[in-house]
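J.: What follows is work_31.txt, made up of compact mmCIF, C-alpha atoms and all ligand atoms:
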# COMPACT_ATOMS: atom_id res chain seq x y z
CA MET L 1201 130.58 151.16 87.16
CA SER L 1202 127.03 149.96 86.64
CA VAL L 1203 127.60 146.24 87.18
CA LYS L 1204 126.35 145.34 90.61
CA TYR L 1205 126.64 142.06 92.42
CA VAL L 1206 123.29 140.75 93.61
CA GLU L 1207 122.66 138.25 96.39
CA ARG L 1208 120.46 135.59 94.81
CA LYS L 1209 119.83 133.22 97.69
CA GLY L 1210 116.12 132.94 98.32
CA THR L 1211 115.17 134.30 94.88
CA GLY L 1212 114.37 131.01 93.17
CA SER L 1213 117.84 130.87 91.63
CA ARG L 1214 118.74 127.36 90.53
CA LYS L 1215 122.41 128.06 91.14
CA TRP L 1216 121.80 129.03 94.78
CA ASP L 1217 118.42 127.68 95.83
CA GLY L 1218 118.46 124.63 93.59
CA MET L 1219 121.90 123.35 94.56
CA TRP L 1220 120.30 120.90 96.94
CA SER L 1221 119.37 118.51 94.15
CA ARG L 1222 122.98 118.01 93.10
CA PHE L 1223 124.92 118.69 96.28
CA GLY L 1224 122.57 117.65 99.08
CA SER L 1225 123.12 121.03 100.76
CA ASP L 1226 121.95 124.56 100.14
CA ASP L 1227 124.70 126.22 102.09
CA LEU L 1228 127.69 126.10 99.75
CA ILE L 1229 129.31 128.91 97.75
CA ALA L 1230 127.59 128.39 94.40
CA MET L 1231 130.23 128.18 91.67
CA TRP L 1232 128.67 125.50 89.53
CA ILE L 1233 125.97 126.10 86.88
CA ALA L 1234 126.92 128.79 84.31
CA ASP L 1235 124.77 131.61 85.59
CA MET L 1236 125.95 135.04 86.81
CA ASP L 1237 125.33 136.83 90.09
CA PHE L 1238 125.02 140.35 88.71
CA GLU L 1239 122.01 142.63 88.46
CA LEU L 1240 120.35 142.71 85.09
CA ALA L 1241 121.78 145.28 82.64
CA GLU L 1242 119.91 148.60 82.90
CA PRO L 1243 118.81 148.70 79.23
CA ILE L 1244 117.28 145.24 79.60
CA LYS L 1245 115.44 146.21 82.77
CA GLU L 1246 114.13 149.34 81.08
CA ALA L 1247 112.93 147.49 78.01
CA LEU L 1248 111.17 144.84 80.07
CA LYS L 1249 109.56 147.43 82.35
CA ALA L 1250 108.44 149.52 79.40
CA HIS L 1251 106.76 146.50 77.90
CA ILE L 1252 105.08 145.33 81.08
CA ASP L 1253 103.89 148.82 82.00
CA LYS L 1254 101.93 149.08 78.80
CA TYR L 1255 101.12 145.68 77.40
CA PRO L 1256 99.82 142.26 78.41
CA LEU L 1257 101.86 139.10 77.91
CA GLY L 1258 99.82 137.48 75.19
CA TYR L 1259 100.94 135.22 72.37
CA SER L 1260 103.67 137.07 70.57
CA ILE L 1261 106.00 137.18 67.63
CA PRO L 1262 109.52 138.61 67.71
CA PRO L 1263 109.79 142.36 67.16
CA GLU L 1264 112.01 143.28 64.21
CA GLU L 1265 114.78 144.58 66.55
CA TYR L 1266 115.07 141.06 67.92
CA TYR L 1267 116.57 140.07 64.58
CA GLU L 1268 118.23 143.35 63.61
CA ASN L 1269 120.14 143.79 66.87
CA PHE L 1270 121.40 140.21 66.91
CA ILE L 1271 122.46 140.40 63.26
CA ALA L 1272 124.33 143.67 63.89
CA TRP L 1273 126.02 142.25 67.02
CA GLU L 1274 127.12 139.07 65.27
CA LYS L 1275 128.56 141.07 62.38
CA LYS L 1276 130.28 143.71 64.52
CA TYR L 1277 131.81 141.49 67.17
CA HIS L 1278 132.25 138.16 65.38
CA GLY L 1279 132.36 139.00 61.69
CA TYR L 1280 129.50 136.65 60.87
CA GLU L 1281 126.95 138.05 58.42
CA VAL L 1282 123.76 136.27 59.35
CA LYS L 1283 120.76 136.63 57.06
CA ARG L 1284 117.41 137.32 58.67
CA ASP L 1285 115.82 134.31 56.96
CA TRP L 1286 118.35 131.88 58.40
CA ILE L 1287 117.33 132.55 61.99
CA CYS L 1288 114.99 130.08 63.64
CA PHE L 1289 113.80 130.10 67.21
CA GLY L 1290 115.07 127.81 69.95
CA CYS L 1291 113.53 127.65 73.41
CA GLY L 1292 117.00 127.37 74.90
CA ILE L 1293 120.05 125.84 73.30
CA VAL L 1294 119.91 122.57 75.20
CA ALA L 1295 116.33 122.07 74.05
CA ALA L 1296 117.37 122.99 70.51
CA PHE L 1297 120.24 120.53 70.27
CA ASN L 1298 118.07 117.79 71.72
CA MET L 1299 115.58 118.55 69.00
CA VAL L 1300 118.30 118.38 66.39
CA VAL L 1301 119.36 114.97 67.74
CA LEU L 1302 115.78 113.74 67.29
CA MET L 1303 115.45 115.37 63.91
CA LEU L 1304 118.70 114.27 62.27
CA THR L 1305 119.33 110.87 63.81
CA ARG L 1306 117.48 107.67 64.66
CA PRO L 1307 117.58 105.52 67.78
CA GLY L 1308 120.89 103.70 67.90
CA ASP L 1309 122.70 106.19 65.64
CA ALA L 1310 126.03 107.51 66.87
CA VAL L 1311 126.21 111.07 68.19
CA MET L 1312 129.70 112.34 68.96
CA THR L 1313 131.19 114.88 71.35
CA VAL L 1314 134.79 115.76 72.10
CA THR L 1315 135.59 115.26 75.76
CA PRO L 1316 135.70 116.68 78.30
CA CYS L 1317 132.34 117.97 77.17
CA TYR L 1318 129.36 120.03 78.42
CA TYR L 1319 127.37 117.15 79.89
CA PRO L 1320 123.91 118.03 78.49
CA MET L 1321 125.42 117.22 75.09
CA GLN L 1322 126.19 113.70 76.25
CA ASP L 1323 122.72 113.46 77.78
CA ALA L 1324 121.21 114.58 74.47
CA ALA L 1325 122.55 111.37 72.96
CA THR L 1326 121.86 108.94 75.78
CA THR L 1327 118.43 110.14 76.91
CA ASN L 1328 117.25 109.95 73.32
CA ASP L 1329 118.53 106.37 72.89
CA ARG L 1330 121.37 107.34 70.59
CA LYS L 1331 124.83 105.85 70.90
CA LEU L 1332 127.13 108.34 72.64
CA VAL L 1333 130.60 108.39 71.12
CA MET L 1334 133.25 110.42 72.91
CA CYS L 1335 136.49 111.48 71.29
CA ASP L 1336 138.91 112.53 74.03
CA MET L 1337 141.04 115.57 73.50
CA ASP L 1338 144.75 115.25 74.23
CA ARG L 1339 145.99 117.01 77.35
CA ASP L 1340 149.42 118.50 77.83
CA GLY L 1341 149.42 120.04 81.30
CA MET L 1342 146.31 122.18 81.21
CA THR L 1343 146.28 122.61 77.45
CA TYR L 1344 143.87 120.58 75.35
CA THR L 1345 144.22 119.82 71.66
CA LEU L 1346 142.35 117.58 69.30
CA ASP L 1347 144.09 114.85 67.35
CA LEU L 1348 142.36 115.13 63.99
CA GLU L 1349 143.30 111.62 62.90
CA LYS L 1350 141.73 110.19 66.05
CA PHE L 1351 138.70 112.42 65.44
CA GLU L 1352 138.28 111.06 61.91
CA LYS L 1353 138.87 107.47 62.96
CA THR L 1354 136.26 107.81 65.73
CA ILE L 1355 133.79 109.06 63.14
CA SER L 1356 134.42 106.33 60.61
CA ASP L 1357 134.71 103.49 63.14
CA ASN L 1358 131.36 104.41 64.69
CA ASP L 1359 129.53 105.69 61.63
CA VAL L 1360 128.83 108.95 63.45
CA LYS L 1361 125.83 110.92 62.20
CA LEU L 1362 125.95 114.07 64.30
CA PHE L 1363 128.70 115.96 66.11
CA LEU L 1364 127.79 118.28 69.01
CA MET L 1365 130.45 120.86 69.71
CA SER L 1366 130.74 123.89 71.97
CA SER L 1367 132.80 126.78 70.68
CA PRO L 1368 134.26 128.33 72.81
CA HIS L 1369 134.73 125.09 74.62
CA ASN L 1370 132.95 124.35 77.87
CA PRO L 1371 134.44 123.15 80.28
CA VAL L 1372 138.12 123.76 79.45
CA GLY L 1373 137.65 127.39 78.35
CA LYS L 1374 139.38 126.84 75.05
CA ILE L 1375 138.89 129.00 71.97
CA TRP L 1376 139.25 126.81 68.93
CA THR L 1377 141.62 128.15 66.27
CA ALA L 1378 140.53 128.54 62.66
CA ASP L 1379 142.69 125.55 61.70
CA GLU L 1380 141.19 123.34 64.38
CA LEU L 1381 137.63 124.28 63.42
CA ARG L 1382 138.26 123.91 59.72
CA GLY L 1383 139.96 120.57 60.32
CA MET L 1384 136.95 119.22 62.22
CA MET L 1385 134.47 120.63 59.73
CA ASP L 1386 136.30 119.23 56.70
CA VAL L 1387 136.33 115.77 58.27
CA CYS L 1388 132.62 116.04 59.08
CA LYS L 1389 131.81 117.18 55.57
CA LYS L 1390 133.81 114.34 54.07
CA HIS L 1391 131.91 111.78 56.14
CA GLY L 1392 128.48 113.41 55.86
CA VAL L 1393 128.29 114.18 59.58
CA TYR L 1394 125.94 116.96 60.69
CA VAL L 1395 127.41 119.48 63.13
CA VAL L 1396 125.89 121.63 65.87
CA SER L 1397 128.22 124.52 66.71
CA ASP L 1398 126.98 125.77 70.08
CA GLU L 1399 128.37 129.30 70.31
CA ILE L 1400 126.53 130.44 73.42
CA HIS L 1401 129.82 131.55 75.05
CA ALA L 1402 131.05 133.44 71.95
CA ASP L 1403 131.23 136.84 73.59
CA PHE L 1404 133.57 135.67 76.32
CA GLU L 1405 136.82 135.74 74.37
CA TRP L 1406 139.84 136.72 76.41
CA GLU L 1407 143.20 138.34 75.82
CA GLY L 1408 144.88 137.25 72.64
CA HIS L 1409 142.07 134.87 71.65
CA LYS L 1410 139.33 135.50 69.13
CA HIS L 1411 136.21 133.40 68.80
CA ILE L 1412 135.59 132.43 65.17
CA PRO L 1413 132.05 131.43 64.18
CA THR L 1414 132.38 128.02 62.56
CA ALA L 1415 130.11 129.06 59.70
CA THR L 1416 132.56 131.75 58.54
CA LEU L 1417 135.29 129.24 57.78
CA GLY L 1418 134.02 127.56 54.65
CA ASP L 1419 131.07 126.18 52.79
CA TYR L 1420 129.52 123.99 55.47
CA ASP L 1421 125.90 125.09 55.06
CA ASP L 1422 124.53 121.65 54.25
CA ILE L 1423 125.83 120.11 57.48
CA LEU L 1424 125.98 122.99 59.97
CA ILE L 1425 123.58 124.42 62.55
CA THR L 1426 124.91 127.29 64.68
CA MET L 1427 123.33 128.11 68.03
CA CYS L 1428 123.65 131.53 69.67
CA ALA L 1429 121.87 133.44 72.43
CA ALA L 1430 122.03 136.47 74.69
CA SER L 1431 121.53 134.14 77.63
CA LYS L 1432 125.14 133.64 78.79
CA SER L 1433 126.45 137.12 77.99
CA PHE L 1434 123.51 138.84 79.70
CA ASN L 1435 122.34 136.18 82.13
CA LEU L 1436 118.94 135.67 80.54
CA ALA L 1437 118.88 131.87 80.53
CA GLY L 1438 115.62 131.75 82.47
CA LEU L 1439 113.83 133.30 79.50
CA GLN L 1440 114.71 130.33 77.30
CA ASN L 1441 115.37 132.15 74.10
CA SER L 1442 118.01 131.33 71.51
CA TYR L 1443 118.86 132.01 67.89
CA ILE L 1444 119.25 128.88 65.77
CA ILE L 1445 121.03 129.76 62.54
CA ILE L 1446 120.46 127.43 59.60
CA PRO L 1447 121.58 128.87 56.25
CA ASP L 1448 120.67 125.79 54.21
CA ASP L 1449 117.06 125.99 52.96
CA GLU L 1450 116.38 122.27 53.15
CA LEU L 1451 117.88 121.78 56.60
CA ARG L 1452 116.04 124.84 57.88
CA ALA L 1453 112.75 123.56 56.47
CA ARG L 1454 113.29 120.28 58.30
CA TYR L 1455 113.98 122.11 61.56
CA LYS L 1456 110.89 124.27 61.19
CA ASP L 1457 108.75 121.30 60.31
CA PHE L 1458 110.01 119.44 63.37
CA GLN L 1459 109.27 122.47 65.56
CA GLN L 1460 105.80 122.70 64.11
CA ARG L 1461 105.08 119.16 65.19
CA LEU L 1462 106.21 119.91 68.75
CA HIS L 1463 104.56 123.35 68.77
CA THR L 1464 107.79 125.06 69.80
CA THR L 1465 108.01 127.54 66.94
CA GLY L 1466 108.12 130.63 69.12
CA GLY L 1467 109.00 132.00 72.52
CA ASN L 1468 107.65 134.48 74.99
CA ILE L 1469 107.64 138.24 74.52
CA LEU L 1470 109.90 138.86 77.51
CA GLY L 1471 112.63 136.74 75.93
CA TYR L 1472 112.32 138.64 72.67
CA VAL L 1473 112.33 142.06 74.32
CA ALA L 1474 115.25 141.23 76.62
CA SER L 1475 117.37 139.72 73.83
CA ALA L 1476 116.71 142.70 71.55
CA ALA L 1477 117.73 145.14 74.29
CA ALA L 1478 120.79 143.09 75.20
CA PHE L 1479 122.18 142.99 71.68
CA GLY L 1480 120.99 146.53 70.91
CA GLN L 1481 121.95 148.50 74.00
CA GLY L 1482 123.85 146.13 76.26
CA ARG L 1483 127.47 146.35 75.15
CA GLU L 1484 128.63 148.84 77.76
CA TRP L 1485 127.27 146.70 80.58
CA PHE L 1486 128.74 143.59 79.00
CA ASP L 1487 132.21 145.14 78.79
CA GLU L 1488 132.05 145.98 82.48
CA VAL L 1489 131.00 142.45 83.34
CA ARG L 1490 133.92 141.14 81.34
CA ASP L 1491 136.29 143.28 83.42
CA VAL L 1492 134.85 141.89 86.65
CA ILE L 1493 135.17 138.31 85.44
CA TRP L 1494 138.68 138.84 84.12
CA GLY L 1495 139.71 140.33 87.47
CA ASN L 1496 138.27 137.27 89.22
CA TYR L 1497 140.19 134.98 86.88
CA LEU L 1498 143.50 136.75 87.47
CA TYR L 1499 142.90 136.62 91.21
CA VAL L 1500 142.32 132.85 91.18
CA ARG L 1501 145.14 132.10 88.76
CA ASP L 1502 147.68 134.21 90.62
CA THR L 1503 146.60 133.13 94.09
CA PHE L 1504 147.10 129.46 93.29
CA ALA L 1505 150.26 130.09 91.28
CA LYS L 1506 151.80 131.83 94.28
CA ARG L 1507 150.39 129.96 97.23
CA ALA L 1508 149.55 126.45 95.97
CA PRO L 1509 151.25 125.91 92.61
CA LYS L 1510 150.19 122.28 92.50
CA VAL L 1511 146.61 123.49 91.99
CA LYS L 1512 146.69 123.99 88.23
CA THR L 1513 144.37 126.34 86.37
CA ALA L 1514 143.74 126.25 82.63
CA GLU L 1515 144.38 129.41 80.67
CA LEU L 1516 141.04 131.18 80.29
CA GLU L 1517 140.69 131.74 76.55
CA GLY L 1518 136.90 131.69 76.35
CA THR L 1519 133.82 131.30 78.63
CA TYR L 1520 133.68 132.38 82.30
CA LEU L 1521 134.32 128.87 83.53
CA LEU L 1522 137.70 127.94 84.91
CA TRP L 1523 138.97 124.36 84.64
CA ILE L 1524 141.06 123.47 87.67
CA ASP L 1525 143.19 120.39 88.29
CA LEU L 1526 143.28 119.16 91.89
CA GLY L 1527 144.99 115.93 90.86
CA ALA L 1528 148.14 116.61 92.89
CA TYR L 1529 145.98 116.10 95.97
CA PHE L 1530 143.02 113.94 95.02
CA LYS L 1531 142.40 111.14 92.57
CA THR L 1532 138.77 110.07 92.83
CA GLN L 1533 135.57 112.03 92.47
CA GLU L 1534 134.64 111.08 96.04
CA GLU L 1535 137.85 112.64 97.37
CA VAL L 1536 137.39 115.79 95.28
CA ARG L 1537 133.78 116.02 96.33
CA ASP L 1538 134.50 115.56 100.00
CA PHE L 1539 137.17 118.24 99.84
CA CYS L 1540 135.11 120.81 97.92
CA GLU L 1541 131.78 120.35 99.67
CA ASN L 1542 132.58 119.15 103.18
CA LYS L 1543 135.93 120.86 103.81
CA CYS L 1544 135.69 124.02 101.70
CA GLY L 1545 131.92 124.58 101.46
CA ILE L 1546 131.94 125.11 97.70
CA ALA L 1547 129.67 123.78 94.95
CA PHE L 1548 131.69 123.31 91.76
CA ASP L 1549 130.79 121.37 88.64
CA TYR L 1550 132.83 118.18 88.97
CA GLY L 1551 135.18 117.06 86.24
CA ALA L 1552 133.69 113.56 86.10
CA TRP L 1553 130.37 115.02 84.94
CA PHE L 1554 132.12 116.06 81.73
CA GLY L 1555 133.20 112.63 80.58
CA GLY L 1556 133.71 110.12 83.36
CA ASP L 1557 136.37 109.08 85.83
CA GLN L 1558 139.30 110.21 83.74
CA TYR L 1559 138.28 113.78 84.61
CA ALA L 1560 137.59 113.08 88.29
CA ARG L 1561 140.56 115.17 89.45
CA PHE L 1562 139.17 118.36 87.87
CA VAL L 1563 136.57 120.90 88.91
CA ARG L 1564 134.99 123.72 86.93
CA MET L 1565 134.74 127.05 88.75
CA ASN L 1566 132.17 129.65 87.71
CA LEU L 1567 133.91 133.04 87.88
CA ALA L 1568 130.82 135.20 87.32
CA THR L 1569 130.19 136.13 90.92
CA SER L 1570 131.37 138.64 93.49
CA ARG L 1571 135.06 139.00 94.24
CA SER L 1572 134.29 138.28 97.88
CA TYR L 1573 132.92 134.82 97.02
CA VAL L 1574 135.91 134.19 94.76
CA GLU L 1575 138.29 135.18 97.54
CA ALA L 1576 136.39 133.12 100.10
CA ALA L 1577 136.56 130.07 97.83
CA CYS L 1578 140.29 130.42 97.24
CA LYS L 1579 140.89 130.94 100.95
CA ALA L 1580 138.89 127.83 101.83
CA ILE L 1581 140.83 125.77 99.30
CA LEU L 1582 144.21 127.03 100.51
CA GLU L 1583 143.35 126.40 104.15
CA ASN L 1584 142.05 122.90 103.57
CA LEU L 1585 144.47 121.43 101.06
CA PRO L 1586 146.27 118.44 102.56
CA LEU L 1587 149.91 119.21 103.39
C1 LIG L 1601 127.91 125.17 75.97
C2 LIG L 1601 126.56 125.48 76.55
N1 LIG L 1601 125.47 125.34 75.79
C3 LIG L 1601 124.23 125.59 76.26
C4 LIG L 1601 124.05 126.02 77.55
C5 LIG L 1601 122.67 126.27 78.07
O1 LIG L 1601 121.88 126.86 77.12
P1 LIG L 1601 120.32 127.09 77.37
O2 LIG L 1601 120.18 127.65 78.75
O3 LIG L 1601 119.95 128.04 76.29
O4 LIG L 1601 119.66 125.77 77.23
C6 LIG L 1601 125.16 126.20 78.39
C7 LIG L 1601 124.99 126.59 79.78
O5 LIG L 1601 125.87 126.50 80.58
C8 LIG L 1601 126.44 125.92 77.86
O6 LIG L 1601 127.54 126.07 78.62
Show me this structure written as structure tokens.
T.:
Amino acid sequence: MSVKYVERKGTGSRKWDGMWSRFGSDDLIAMWIADMDFELAEPIKEALKAHIDKYPLGYSIPPEEYYENFIAWEKKYHGYEVKRDWICFGCGIVAAFNMVVLMLTRPGDAVMTVTPCYYPMQDAATTNDRKLVMCDMDRDGMTYTLDLEKFEKTISDNDVKLFLMSSPHNPVGKIWTADELRGMMDVCKKHGVYVVSDEIHADFEWEGHKHIPTATLGDYDDILITMCAASKSFNLAGLQNSYIIIPDDELRARYKDFQQRLHTTGGNILGYVASAAAFGQGREWFDEVRDVIWGNYLYVRDTFAKRAPKVKTAELEGTYLLWIDLGAYFKTQEEVRDFCENKCGIAFDYGAWFGGDQYARFVRMNLATSRSYVEAACKAILENLPL
């Protein structure tokens, strides 16, 4: 097996060395931000080394394989036939959806998310002086579904202009079905709501669940922007490179014009080279990483099911982020926080970050680390749970 765990403390890793800013400690098991603790895939290392050995790092444009390899990957693994011309650059997906907020809406306009929701999407509304509208999903145990009538009513009541969605869904690890996606898209089309489909986690689709690119489900070109990247699948987030897919000519022209004004039309050569190698030669490594993550998931799920069944885990359908309910033991964020950080020594993303107090009883565990950290975290939780 070529996937190797790598100790990242002391390497400038935000997950490990930057935890202080959120947790007030740098000595917790880092299971928060969605970043993996594995060595870079060999083909990516080789491609980067080959470039650096020979060439400087001047201003650059994407090599053709940057497009070709992504297009082939998207077609082969997700059945989405992306045209070369539709692809725009994004210096990270969070930056890109913030730009889309600025481009497609005005101050005071309503921007919607479904909650719980990846918190930078909420921030994209509030920090840009837009009105954040949250449509809560319905929860049955650990299963989340969206009430389409409520979704439509939220849109019409608030005159929503833009809907930011992650698919697969972060943080609950849900893979949207074709019916759910089509339902949301048809409502958005009917009400003239633009949609960002953030598909950064697309490659993490687990047993019995298949990620469906939103764009493949109907004629949504005039309202839809899809965002993809190699950054989650291959842990390249630090290179800030993403593929922003905009099939509609007019919408794409607006995006490019907006980028031009901000001078963010292109990225760095290392991001291009690494993404091209990832999508071109990285599948074997990726499949091995998937096996490691899946093993970690089964370990956590089964450990709690056997030894502390009141700790509830969501079924992992997509992403490598596990949504866990500690509500049988704790009610407030302070209680959850005290337990996780002070008693167990773990840094999780806290449920409340994803939509307020109603999610305070939940935590989100990042499974993309060594089995020994996963085991240590479970052990700490089991030993410290109140009787
Ligand atoms: C749904 C989602 N979108 C975007 C990102 C981050 O993307 P980027 O690093 O390209 O800004 C993450 C990272 O966790 C994510 O979970």
J.: With ligand LIG 1601 (chain L) as the partner and 9 Å as the cut-off, tabulate the residues of chain L that qualify, each row holding the nearest pair of atoms and their distance in Å to one decimal, using all atoms listed in the file, sorted by chain and rising number, as CSV.
T.:
residue,atom,partner,partner_atom,distance
L:Ile1233,CA,L:LIG1601,O5,6.3
L:Ala1234,CA,L:LIG1601,O5,4.5
L:Asp1235,CA,L:LIG1601,O5,7.2
L:Gly1290,CA,L:LIG1601,O3,8.0
L:Cys1291,CA,L:LIG1601,O3,7.0
L:Gly1292,CA,L:LIG1601,O3,3.3
L:Ile1293,CA,L:LIG1601,O3,3.7
L:Val1294,CA,L:LIG1601,O4,3.8
L:Ala1295,CA,L:LIG1601,O4,5.9
L:Ala1296,CA,L:LIG1601,O4,7.6
L:Phe1297,CA,L:LIG1601,O4,8.7
L:Cys1317,CA,L:LIG1601,C1,8.5
L:Tyr1318,CA,L:LIG1601,C1,5.9
L:Tyr1319,CA,L:LIG1601,C1,8.9
L:Pro1320,CA,L:LIG1601,C3,7.9
L:Met1321,CA,L:LIG1601,N1,8.2
L:Met1365,CA,L:LIG1601,C1,8.0
L:Ser1366,CA,L:LIG1601,C1,5.1
L:Ser1367,CA,L:LIG1601,C1,7.4
L:Pro1368,CA,L:LIG1601,C1,7.8
L:His1369,CA,L:LIG1601,C1,7.0
L:Asn1370,CA,L:LIG1601,C1,5.4
L:Pro1371,CA,L:LIG1601,O6,7.7
L:Asp1398,CA,L:LIG1601,N1,5.9
L:Glu1399,CA,L:LIG1601,C1,7.0
L:Ile1400,CA,L:LIG1601,N1,5.7
L:His1401,CA,L:LIG1601,C1,6.7
L:Met1427,CA,L:LIG1601,N1,8.5
L:Cys1428,CA,L:LIG1601,O3,8.3
L:Ala1429,CA,L:LIG1601,O3,6.9
L:Ala1430,CA,L:LIG1601,O3,8.8
L:Ser1431,CA,L:LIG1601,O3,6.4
L:Lys1432,CA,L:LIG1601,C7,7.1
L:Leu1436,CA,L:LIG1601,O2,8.3
L:Ala1437,CA,L:LIG1601,O2,4.8
L:Gly1438,CA,L:LIG1601,O2,7.2
L:Leu1439,CA,L:LIG1601,O2,8.5
L:Gln1440,CA,L:LIG1601,O3,5.8
L:Asn1441,CA,L:LIG1601,O3,6.5
L:Ser1442,CA,L:LIG1601,O3,6.1
L:Thr1519,CA,L:LIG1601,O6,8.2
L:Leu1521,CA,L:LIG1601,O6,8.8
J.: Would you kindly return, as a PyMOL selection string, each protein, DNA or RNA residue with an atom no farther than 10 Å from any atom of Ala1552 in chain L, considering all atoms listed in the file and excluding same-chain residues fewer than 6 positions away?
T.: chain L and resi 1316+1319+1532-1533+1558-1563
J.: I'd like the contact shell of Leu1498 in chain L - 12 Å cut-off, all atoms listed in the file, skipping same-chain residues fewer than 2 positions apart - returned as a PyMOL selection string.
T.: chain L and resi 1406-1407+1491-1496+1500-1506+1513-1516+1520+1522+1567+1571+1574-1575
J.: Choose the residue, out of L:Leu1362, L:Cys1578, L:Val1393, L:Met1337, that has the smallest atom-to-atom separation from Met1303 in chain L; count only C-alpha atoms.
T.: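 Closest candidate: L:Leu1362.
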J.: Between L:Trp1273, L:Tyr1550, L:Tyr1529, L:Tyr1266, which residue has the minimum interatomic distance to Ala1477 in chain L, considering only C-alpha atoms?
T.: L:Tyr1266
